[in-house]
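First up is the structure itself, then whatever we jot down about it.
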Amino acid sequence: MEPGNDTGISEFLLLGFSEEPELQPLLFGLFLSMHLITVFGNLLIILAVSSDSHLHTPMYFFLANLSFVDICFISTTVPKMLWNIQVQSKVITYSGCITQMYFFVLFTGLDVLLLTVMAYDRFVAICHPLHYAVIMKPWLCGLLVLLSWILSFLHSLLESLMVLQLSFCRKVEISHFCELSQMIQLACSDTFLSNMVMYFSAMLLGGAPLAGVFFSYSKIVSSILGISSAQGKYKAFSTCTSHLSVVSLFSCTSLGVYLSSAATQSSHASAVASVMYTVVTPMLNPFIYSLRNKDIKRRALKGIIGLPVM
């Protein structure tokens with residue numbers, strides 16, 4: 001295929017997860033259900049935190065922000081997927097693809113940074129409990145969330161501007177949604193600079209936060225091991241299990257996406273990994289926090305549905 005400049009490209013093709021006509025209603029129902037569960041579950045967390053004054057703490061403030069980002073994250077890709085299945089079309093416009101990629105990068109970065117901030121919050125709470133209220137003041141919590149938004153916005157803007165400089169072939173087929181790495185791979189022009197920016201950004205905004213999470217939990221584990229009573233150890237560790245589960249799920253699925261795309265040319269394997277990363281993880285987060293968190297489960301959620309709070 002002959003390369004064409006980026007202004008001549010009007011649309012891309014999203015291949016989707018299956019071309020079998022009999023599977024389309026099943027896929028539509030599956031992804032619609034997952035999307036609704038994710039939106040409802042995360043909205044429930046936001047309502048729980050905002051409606052109960054006992055949950056107006058830094059940990060739940062960050063959790064409510066994470067829930068909002070997860071709603072936006074899944075809404076970046078799934079609605080377009082559902083629309084294409086419903087109208088039996090694979091087309092996404094060039095501007096629509098760039099927009100989808102921009103918000104996908106934005107909310108992925110926000111997820112990473114918010115999880116890192118939450119790890120820092122747990123580090124202060126367990127390792128410096130007497131200074132927790134002094135350190136984690138409302139203005140600092142707001143500043144950390146604001147910085148996460150600013151960094152993610154600038155990163156996403158930079159990546160989008162780099163992709164806008166690329167030229168694409170006359171017919172561009174994308175496996176399931178407009179992802180940054182896939183867009184760069186499909187370009188017909190020189191992608192050296194775009195790849196360097198992408199890898200450097202991944203190391204800076206992915207590797208550094210992950211190192212921060214590991215550091216925080218290494219200190220947390222050391223502090224927990226120093227607690228003399230078994231009950232004290234259990235109570236301290238129980239405040240971290242939900243966050244640690246979400247971090248592990250997000251990290252493993254993110255790693256799975258890139259390992260599967262690098263190790264195999266199978267679009268099916270890449271699609272499965274992407275579903276785990278973009279759909280399943282945001283859907284499971286509310287369940288992890290509500291089922292493993294007594295404050296959410298016993299107080300806020302019961303209060304919202306009208307049951308007496310124990």
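Simple scheme: letters A, B, ... for chains in structure tokens order, numbers from 1 for residues in each chain, numbers from 1 for ligands in the order shown.
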
Would you kindly return, as a compact mmCIF listing (two decimals) with C-alpha atoms, in the first residue's frame, each protein, DNA or RNA residue with an atom no farther than 12 Å from any atom of A:Phe250, considering only C-alpha atoms and excluding same-chain residues fewer than 6 positions away?
# COMPACT_ATOMS: atom_id res chain seq x y z
CA ASP A 70 -12.79 4.34 35.68
CA THR A 108 -4.86 5.37 31.61
CA GLY A 109 -2.33 7.84 32.97
CA ASP A 111 -5.44 5.51 36.74
CA VAL A 112 -1.71 4.95 37.21
CA LEU A 115 -3.16 4.41 42.30
CA THR A 116 0.30 5.76 43.14
CA GLY A 206 4.60 4.18 34.22
CA LEU A 210 5.21 1.69 39.87
CA HIS A 243 -5.71 -1.10 46.97
CA LEU A 244 -3.06 -3.79 46.56
CA GLY A 256 -0.48 -8.70 29.51
CA VAL A 257 -1.63 -6.37 26.73
CA ALA A 273 -5.81 -8.97 26.82
CA SER A 274 -7.25 -5.57 25.90
CA VAL A 275 -10.68 -6.51 27.24
CA MET A 276 -9.11 -7.47 30.56
CA TYR A 277 -7.24 -4.17 30.62
CA THR A 278 -9.90 -1.72 29.46
CA VAL A 279 -13.18 -3.33 30.55
CA VAL A 280 -12.74 -6.00 33.21
CA THR A 281 -10.40 -4.02 35.48
CA PRO A 282 -12.68 -0.95 35.85
CA MET A 283 -15.63 -3.30 36.34
CA LEU A 284 -13.98 -5.25 39.16
CA ASN A 285 -12.66 -2.24 41.09

Which polymer residues have any atom within 7 Å of an atom of stretch 55-64 of chain A, counting only C-alpha atoms, with same-chain residues fewer than 2 positions away left out, as a ChimeraX atom specification? /A:45-46,49,52-53,66-68,114,118,121,136,141

Resulting file, chosen residues, C-alpha atoms, as an mmCIF file, in the first residue's frame:
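Result went into again-v2.cif, see below:
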data_model
loop_
_atom_site.group_PDB
_atom_site.id
_atom_site.type_symbol
_atom_site.label_atom_id
_atom_site.label_comp_id
_atom_site.auth_asym_id
_atom_site.auth_seq_id
_atom_site.Cartn_x
_atom_site.Cartn_y
_atom_site.Cartn_z
ATOM 1 C CA ILE A 45 -18.814 4.199 45.265
ATOM 2 C CA ILE A 46 -18.915 7.940 44.466
ATOM 3 C CA VAL A 49 -18.283 8.509 49.695
ATOM 4 C CA ASP A 52 -21.485 9.713 54.340
ATOM 5 C CA SER A 53 -19.423 12.180 56.375
ATOM 6 C CA LEU A 66 -10.496 6.680 40.878
ATOM 7 C CA SER A 67 -14.105 5.557 40.410
ATOM 8 C CA PHE A 68 -14.864 8.638 38.310
ATOM 9 C CA LEU A 114 -4.139 7.939 41.296
ATOM 10 C CA MET A 118 -3.346 6.028 47.056
ATOM 11 C CA ASP A 121 -1.737 7.640 51.400
ATOM 12 C CA MET A 136 -2.648 14.396 54.463
ATOM 13 C CA CYS A 141 -5.067 15.712 48.667
#

Please provide as number ranges by chain all residues within 8 Å of A:Leu82, with the sequence filter that same-chain residues fewer than 6 positions apart are discarded (counting only C-alpha atoms). A: 28, 31-32

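The residue that comes closest to A:Val105, out of A:Leu143, A:Val69, A:Cys240, A:Leu43 and on the basis of only C-alpha atoms, is A:Val69.
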
For A:Val163, the nearest of the candidates A:Met198, A:Val87, A:Ile224, A:Thr38, counting only C-alpha atoms: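 The shortest atom-to-atom distance to A:Val163 comes from A:Met198.
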
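For the atom pair formed by atom CA of A:Lys233 and atom CA of A:Cys127, the distance is 12.4 Å, given to one decimal.
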
Contact table stretch 74-108 of chain A vs stretch 11-23 of chain A, cut-off 6 Å, shortest pair per residue, only C-alpha atoms, as a tab-separated table:
residue	atom	partner	partner_atom	distance
A:Lys90	CA	A:Leu14	CA	4.9
A:Val91	CA	A:Leu13	CA	4.8
A:Ile92	CA	A:Phe12	CA	5.3
A:Thr93	CA	A:Glu11	CA	4.0
A:Tyr94	CA	A:Glu11	CA	4.7

Can you work out the spacing between atom CA of A:Thr239 and atom CA of A:Phe40 in Å, to one decimal? 24.0 Å
